[in-house]
Amino acid sequence: MKSGDKGIVFNIQRYSIHDGPGIRTIVFLKGCPLRCKWCSNPESQELMPELSYMKKSCTQCCTCVQVCPKNAITPIEDGIKIDRNKCDRCFKCVESCASGALKIEGKEMTVDEVVEEVMKDELFYKRSGGGVTLSGGEVLVQYSFAAAILEAIKEKGINTAIETTGYASWKHFQQVLEYTDYVLYDLKHTDEEKHLEGTGVGLSLILNNLYRAAESGKDLIVRIPLIPEYNMDENNILNLIEILKNIKQDEVHILPFHQLGSQKYEYLGRKYELRNLKPPADNEVESIRQLFAKHGIKATIGG
Ligand code: SF4
Ligand code: SF4
């Protein structure tokens, strides 16, 4: 991929201290083959830019209704209704919306544009031992774009990291890994069927790639979301411990489920299945941390 080639980015977040060493900038790429029921970034899942509607900012001016060439927008009592089957994503409605209630999630950026943006914080990276992390979505969906960004950043002497589900062909993974210093590897469940049930995809490719990534000699940390009623049972945690031992890891990050992204589903016109699921209690998270510790693995809560 050339430096002027484009990919789809949905967010660039500066000054993060949770996604790799030091102070980091996180570049969120769009597109993910998984559909985790607890996903807090549903706007990351589709590869293409999509329309988001925030009802509370809508002034009911109806400009969008008039400009939509597909007649996909209808005024309703407390705002507008979008027929997403009719919508062809021309985004004329977004241009016309003065209140900011309509937004485009995701935009095309060139490799150069991303690199220019993230290099604004070069000084912070150098002082803190930080760098740039590519996240998603699943970064390996846009593997050529991801590799080109990481290569350009590495050439400037900046530390690079990816956060990945590992669900990709090993060939594509390797292409990205070549320019990656640090891998944050998400693992959701150790049982094939439960994995499929929670994420929409099987486990074996993810597990095979985890073993390969660990053997590659790159710095790697496994991150486990803790989802009540799904993967917090002792049996699953013991299986995770066994996997961590197999890949010689004595550290893990555990990420308790939260509801912070739940409203985004509504903005995108999607259903959110876990609306009523409560985050795990502190004592439940603590007992999982202790179970890891008992087996010689340091579990950091929150990563
Ligand atoms: S993106 Fe285009 S087609 Fe879709 S609702 Fe807006 S104006 Fe209509
Ligand atoms: S243009 Fe914006 S503020 Fe006006 S009705 Fe449409 S979404 Fe609401």
# chains A, B, ... in the order shown; residues from 1 in each chain; ligands from 1
call {"tool": "residues_near_ligand", "arguments": {"ligand": "ligand 2", "cutoff": "8 Å", "atoms": "only C-alpha atoms and all ligand atoms", "output": "PyMOL selection string"}}
result
chain A and resi 53-55+57-65+75+79-80+93-94+96-102
call {"tool": "write_last_selection", "arguments": {"atoms": "C-alpha atoms", "output": "PDB file, in the first residue's frame"}}
result
ATOM      1  CA  TYR A  53     -28.738   9.934  14.779  1.00  0.00           C
ATOM      2  CA  MET A  54     -28.752  11.403  18.280  1.00  0.00           C
ATOM      3  CA  LYS A  55     -32.366  12.158  19.107  1.00  0.00           C
ATOM      4  CA  SER A  57     -29.787  16.922  19.832  1.00  0.00           C
ATOM      5  CA  CYS A  58     -32.518  17.014  17.181  1.00  0.00           C
ATOM      6  CA  THR A  59     -34.425  20.310  16.901  1.00  0.00           C
ATOM      7  CA  GLN A  60     -37.050  18.769  14.584  1.00  0.00           C
ATOM      8  CA  CYS A  61     -36.299  21.347  11.882  1.00  0.00           C
ATOM      9  CA  CYS A  62     -36.972  18.687   9.206  1.00  0.00           C
ATOM     10  CA  THR A  63     -34.260  19.962   6.835  1.00  0.00           C
ATOM     11  CA  CYS A  64     -32.921  16.431   6.556  1.00  0.00           C
ATOM     12  CA  VAL A  65     -36.384  15.167   5.548  1.00  0.00           C
ATOM     13  CA  PRO A  75     -40.729  13.252  10.795  1.00  0.00           C
ATOM     14  CA  GLY A  79     -37.737  13.651  16.097  1.00  0.00           C
ATOM     15  CA  ILE A  80     -37.179  11.736  12.876  1.00  0.00           C
ATOM     16  CA  CYS A  93     -28.761  14.838   5.531  1.00  0.00           C
ATOM     17  CA  VAL A  94     -25.657  15.175   7.700  1.00  0.00           C
ATOM     18  CA  SER A  96     -27.913  19.780   6.192  1.00  0.00           C
ATOM     19  CA  CYS A  97     -28.233  19.138   9.927  1.00  0.00           C
ATOM     20  CA  ALA A  98     -27.227  22.301  11.782  1.00  0.00           C
ATOM     21  CA  SER A  99     -27.731  20.831  15.258  1.00  0.00           C
ATOM     22  CA  GLY A 100     -25.231  17.988  14.877  1.00  0.00           C
ATOM     23  CA  ALA A 101     -27.898  15.360  15.606  1.00  0.00           C
ATOM     24  CA  LEU A 102     -26.892  13.517  12.426  1.00  0.00           C
TER      25      LEU A 102
END
call {"tool": "residues_near_ligand", "arguments": {"ligand": "ligand 1", "cutoff": "8 Å", "atoms": "only C-alpha atoms and all ligand atoms", "output": "ChimeraX atom specification"}}
result
/A:51,64-65,67-73,82-84,86-94
call {"tool": "residues_around", "arguments": {"residues": "A:Val222", "least_positions_apart": "3", "cutoff": "6 Å", "atoms": "only C-alpha atoms", "output": "list of chain:residue names"}}
result
A:Leu184, A:Tyr185, A:Asp186, A:Val252
call {"tool": "residues_around", "arguments": {"residues": "stretch 136-151 of chain A", "least_positions_apart": "5", "cutoff": "9 Å", "atoms": "only C-alpha atoms", "output": "JSON, numbers by chain"}}
result
{"A": [1, 2, 3, 5, 6, 7, 8, 9, 10, 27, 28, 29, 30, 31, 32, 33, 34, 41, 42, 43, 44, 45, 46, 47, 110, 111, 112, 114, 115, 156, 160, 161, 162, 163, 164, 165, 166, 167, 168, 169, 172, 173, 175, 176, 177, 178, 179, 180]}
call {"tool": "write_last_selection", "arguments": {"atoms": "N, CA and C atoms", "output": "compact mmCIF listing (two decimals), in the first residue's frame"}}
result
# COMPACT_ATOMS: atom_id res chain seq x y z
N MET A 1 0.84 -1.20 0.00
CA MET A 1 0.00 0.00 0.00
C MET A 1 0.88 1.25 0.00
N LYS A 2 0.46 2.27 -0.77
CA LYS A 2 1.24 3.51 -0.84
C LYS A 2 0.76 4.49 0.23
N SER A 3 1.62 5.49 0.53
CA SER A 3 1.29 6.40 1.62
C SER A 3 0.02 7.21 1.36
N ASP A 5 -2.64 5.94 -0.12
CA ASP A 5 -3.81 5.06 -0.16
C ASP A 5 -4.66 5.25 1.10
N LYS A 6 -5.95 4.90 0.94
CA LYS A 6 -6.90 5.25 2.00
C LYS A 6 -7.45 4.05 2.76
N GLY A 7 -7.86 4.31 3.98
CA GLY A 7 -8.60 3.34 4.78
C GLY A 7 -9.72 4.08 5.48
N ILE A 8 -10.49 3.36 6.29
CA ILE A 8 -11.61 4.00 7.00
C ILE A 8 -11.30 4.01 8.50
N VAL A 9 -11.30 5.23 9.03
CA VAL A 9 -10.98 5.45 10.46
C VAL A 9 -12.23 6.02 11.12
N PHE A 10 -12.55 5.58 12.34
CA PHE A 10 -13.72 6.21 12.96
C PHE A 10 -13.39 7.06 14.18
N VAL A 27 -5.65 4.85 17.24
CA VAL A 27 -6.34 5.04 15.95
C VAL A 27 -7.31 3.88 15.80
N PHE A 28 -8.60 4.22 15.73
CA PHE A 28 -9.64 3.19 15.64
C PHE A 28 -10.03 2.98 14.17
N LEU A 29 -9.79 1.79 13.66
CA LEU A 29 -10.14 1.46 12.27
C LEU A 29 -11.50 0.79 12.24
N LYS A 30 -12.24 1.04 11.17
CA LYS A 30 -13.56 0.44 11.05
C LYS A 30 -13.49 -0.97 10.44
N GLY A 31 -14.49 -1.76 10.78
CA GLY A 31 -14.60 -3.11 10.23
C GLY A 31 -14.23 -4.17 11.24
N CYS A 32 -15.16 -5.11 11.48
CA CYS A 32 -14.87 -6.22 12.40
C CYS A 32 -15.70 -7.43 11.99
N PRO A 33 -15.08 -8.61 11.91
CA PRO A 33 -15.85 -9.81 11.57
C PRO A 33 -16.61 -10.39 12.77
N LEU A 34 -16.30 -9.91 13.97
CA LEU A 34 -16.99 -10.41 15.16
C LEU A 34 -18.20 -9.52 15.47
N ASN A 41 -18.20 -0.45 21.13
CA ASN A 41 -17.96 0.40 19.95
C ASN A 41 -18.71 -0.16 18.74
N PRO A 42 -20.05 -0.20 18.79
CA PRO A 42 -20.77 -0.79 17.67
C PRO A 42 -20.53 -0.04 16.36
N GLU A 43 -20.13 1.24 16.45
CA GLU A 43 -19.85 2.01 15.24
C GLU A 43 -18.58 1.50 14.55
N SER A 44 -17.86 0.61 15.21
CA SER A 44 -16.63 0.06 14.62
C SER A 44 -16.92 -1.14 13.74
N GLN A 45 -18.09 -1.73 13.85
CA GLN A 45 -18.29 -3.06 13.28
C GLN A 45 -18.38 -3.08 11.75
N GLU A 46 -19.20 -2.21 11.19
CA GLU A 46 -19.30 -2.16 9.73
C GLU A 46 -18.08 -1.48 9.15
N LEU A 47 -17.64 -1.97 8.00
CA LEU A 47 -16.44 -1.39 7.39
C LEU A 47 -16.70 0.01 6.83
N THR A 110 -6.00 8.99 4.37
CA THR A 110 -4.83 8.37 3.77
C THR A 110 -3.86 7.97 4.88
N VAL A 111 -2.92 7.11 4.52
CA VAL A 111 -1.88 6.72 5.47
C VAL A 111 -1.15 7.97 5.95
N ASP A 112 -0.82 8.87 5.01
CA ASP A 112 -0.11 10.11 5.37
C ASP A 112 -0.90 10.96 6.35
N VAL A 114 -3.16 9.99 8.54
CA VAL A 114 -3.16 9.37 9.88
C VAL A 114 -1.81 9.61 10.55
N VAL A 115 -0.75 9.40 9.80
CA VAL A 115 0.60 9.54 10.38
C VAL A 115 0.82 10.99 10.82
N LYS A 156 9.80 6.31 12.09
CA LYS A 156 10.07 7.55 12.83
C LYS A 156 10.54 7.25 14.26
N THR A 160 5.01 0.97 18.37
CA THR A 160 3.72 0.66 17.74
C THR A 160 3.03 -0.51 18.44
N ALA A 161 1.72 -0.44 18.52
CA ALA A 161 0.95 -1.53 19.13
C ALA A 161 -0.33 -1.75 18.33
N ILE A 162 -0.85 -2.98 18.43
CA ILE A 162 -2.18 -3.24 17.88
C ILE A 162 -3.03 -3.90 18.96
N GLU A 163 -4.33 -3.63 18.90
CA GLU A 163 -5.27 -4.38 19.71
C GLU A 163 -6.04 -5.24 18.73
N THR A 164 -6.04 -6.55 18.95
CA THR A 164 -6.66 -7.42 17.95
C THR A 164 -7.46 -8.55 18.59
N THR A 165 -8.45 -9.02 17.83
CA THR A 165 -9.18 -10.23 18.24
C THR A 165 -8.44 -11.46 17.71
N GLY A 166 -7.51 -11.25 16.80
CA GLY A 166 -6.77 -12.36 16.21
C GLY A 166 -7.55 -13.11 15.14
N TYR A 167 -8.72 -12.61 14.81
CA TYR A 167 -9.56 -13.34 13.84
C TYR A 167 -9.24 -12.86 12.43
N ALA A 168 -8.22 -13.47 11.83
CA ALA A 168 -7.78 -13.10 10.47
C ALA A 168 -6.86 -14.20 9.97
N SER A 169 -6.60 -14.21 8.67
CA SER A 169 -5.64 -15.20 8.17
C SER A 169 -4.27 -14.87 8.75
N HIS A 172 -2.19 -12.35 6.73
CA HIS A 172 -2.50 -10.93 6.94
C HIS A 172 -1.98 -10.46 8.31
N PHE A 173 -2.14 -11.31 9.29
CA PHE A 173 -1.69 -10.99 10.65
C PHE A 173 -0.17 -10.72 10.62
N GLN A 175 1.68 -9.78 8.20
CA GLN A 175 1.98 -8.54 7.49
C GLN A 175 1.96 -7.34 8.44
N VAL A 176 0.99 -7.36 9.36
CA VAL A 176 0.84 -6.27 10.33
C VAL A 176 1.85 -6.43 11.47
N LEU A 177 2.03 -7.68 11.89
CA LEU A 177 2.94 -7.97 13.00
C LEU A 177 4.37 -7.50 12.73
N GLU A 178 4.75 -7.56 11.47
CA GLU A 178 6.11 -7.16 11.08
C GLU A 178 6.46 -5.75 11.59
N TYR A 179 5.45 -4.87 11.65
CA TYR A 179 5.72 -3.47 12.04
C TYR A 179 5.15 -3.15 13.42
N THR A 180 4.85 -4.19 14.20
CA THR A 180 4.22 -4.02 15.51
C THR A 180 5.20 -4.40 16.63
call {"tool": "residues_around", "arguments": {"residues": "A:Asn235", "least_positions_apart": "6", "cutoff": "12 Å", "atoms": "only C-alpha atoms", "output": "ChimeraX atom specification"}}
result
/A:189-191,241-242,288,291
call {"tool": "write_last_selection", "arguments": {"atoms": "N, CA and C atoms", "output": "mmCIF file, in the first residue's frame"}}
result
data_model
loop_
_atom_site.group_PDB
_atom_site.id
_atom_site.type_symbol
_atom_site.label_atom_id
_atom_site.label_comp_id
_atom_site.auth_asym_id
_atom_site.auth_seq_id
_atom_site.Cartn_x
_atom_site.Cartn_y
_atom_site.Cartn_z
ATOM 1 N N HIS A 189 -13.473 -16.306 25.274
ATOM 2 C CA HIS A 189 -13.960 -17.542 25.886
ATOM 3 C C HIS A 189 -13.095 -18.703 25.424
ATOM 4 N N THR A 190 -13.099 -19.780 26.202
ATOM 5 C CA THR A 190 -12.244 -20.921 25.847
ATOM 6 C C THR A 190 -13.057 -22.070 25.241
ATOM 7 N N ASP A 191 -14.359 -21.893 25.180
ATOM 8 C CA ASP A 191 -15.216 -22.958 24.645
ATOM 9 C C ASP A 191 -15.726 -22.547 23.256
ATOM 10 N N ILE A 241 -6.275 -19.706 32.185
ATOM 11 C CA ILE A 241 -4.981 -19.786 32.882
ATOM 12 C C ILE A 241 -4.078 -20.810 32.183
ATOM 13 N N GLU A 242 -4.692 -21.929 31.798
ATOM 14 C CA GLU A 242 -3.899 -22.968 31.116
ATOM 15 C C GLU A 242 -3.343 -22.437 29.787
ATOM 16 N N ILE A 288 -11.747 -13.206 40.782
ATOM 17 C CA ILE A 288 -11.108 -13.689 39.543
ATOM 18 C C ILE A 288 -9.633 -13.260 39.529
ATOM 19 N N LEU A 291 -7.846 -15.639 41.660
ATOM 20 C CA LEU A 291 -7.690 -16.963 41.043
ATOM 21 C C LEU A 291 -6.483 -16.971 40.086
#
call {"tool": "select_by_dssp", "arguments": {"residues": "stretch 1-155 of chain A", "states": "strand (DSSP E or B)", "output": "PyMOL selection string"}}
result
chain A and resi 6-16+24-29+50-53+73-76+79-82+102-105+107-110+131-135
call {"tool": "closest_residue", "arguments": {"among": "A:Val183, A:Glu50, A:Arg270, A:Ile17", "to": "A:Ser135", "atoms": "only C-alpha atoms"}}
result
A:Val183
call {"tool": "residues_around", "arguments": {"residues": "stretch 200-212 of chain A", "least_positions_apart": "2", "cutoff": "6 Å", "atoms": "only C-alpha atoms", "output": "compact mmCIF listing (two decimals) with C-alpha atoms, in the first residue's frame"}}
result
# COMPACT_ATOMS: atom_id res chain seq x y z
CA LEU A 34 -16.99 -10.41 15.16
CA ARG A 35 -20.30 -9.31 16.65
CA GLY A 166 -6.77 -12.36 16.21
CA TYR A 167 -9.56 -13.34 13.84
CA GLU A 192 -15.89 -23.13 20.91
CA HIS A 195 -17.35 -18.30 21.71
CA LEU A 196 -19.63 -18.61 18.71
CA GLU A 197 -22.65 -17.71 20.82
CA ALA A 214 3.24 -15.55 21.15
CA GLU A 215 5.94 -17.54 19.34
call {"tool": "closest_residue", "arguments": {"among": "A:Ser262, A:Asn276, A:Ser287, A:Ser16", "to": "A:Ser40", "atoms": "only C-alpha atoms"}}
result
A:Ser262
call {"tool": "residues_around", "arguments": {"residues": "A:Ile158", "least_positions_apart": "5", "cutoff": "10 Å", "atoms": "only C-alpha atoms", "output": "ChimeraX atom specification"}}
result
/A:119,122,125-126,129-132,150-153,181
call {"tool": "atom_distance", "arguments": {"atom1": "atom CA of A:Glu155", "atom2": "atom CA of A:Phe124"}}
result
17.2 Å
call {"tool": "closest_atom_pairs", "arguments": {"of": "stretch 101-201 of chain A", "to": "stretch 227-232 of chain A", "cutoff": "8 Å", "atoms": "only C-alpha atoms", "output": "JSON lines"}}
result
{"residue": "A:Lys188", "atom": "CA", "partner": "A:Asn231", "partner_atom": "CA", "distance": 7.3}
{"residue": "A:His189", "atom": "CA", "partner": "A:Asn231", "partner_atom": "CA", "distance": 6.1}
{"residue": "A:Lys194", "atom": "CA", "partner": "A:Tyr230", "partner_atom": "CA", "distance": 7.9}
{"residue": "A:Gly198", "atom": "CA", "partner": "A:Tyr230", "partner_atom": "CA", "distance": 7.8}
call {"tool": "write_last_selection", "arguments": {"atoms": "N, CA and C atoms", "output": "mmCIF file, in the first residue's frame"}}
result
data_model
loop_
_atom_site.group_PDB
_atom_site.id
_atom_site.type_symbol
_atom_site.label_atom_id
_atom_site.label_comp_id
_atom_site.auth_asym_id
_atom_site.auth_seq_id
_atom_site.Cartn_x
_atom_site.Cartn_y
_atom_site.Cartn_z
ATOM 1 N N LYS A 188 -11.956 -14.047 24.470
ATOM 2 C CA LYS A 188 -13.267 -13.883 25.126
ATOM 3 C C LYS A 188 -13.738 -15.142 25.849
ATOM 4 N N HIS A 189 -13.473 -16.306 25.274
ATOM 5 C CA HIS A 189 -13.960 -17.542 25.886
ATOM 6 C C HIS A 189 -13.095 -18.703 25.424
ATOM 7 N N LYS A 194 -19.509 -21.560 23.076
ATOM 8 C CA LYS A 194 -19.784 -20.306 23.807
ATOM 9 C C LYS A 194 -19.157 -19.119 23.067
ATOM 10 N N GLY A 198 -21.297 -15.918 21.785
ATOM 11 C CA GLY A 198 -21.059 -14.554 22.272
ATOM 12 C C GLY A 198 -20.528 -13.600 21.223
#
call {"tool": "atom_distance", "arguments": {"atom1": "atom CA of A:Glu95", "atom2": "atom CA of A:Ile12"}}
result
21.6 Å
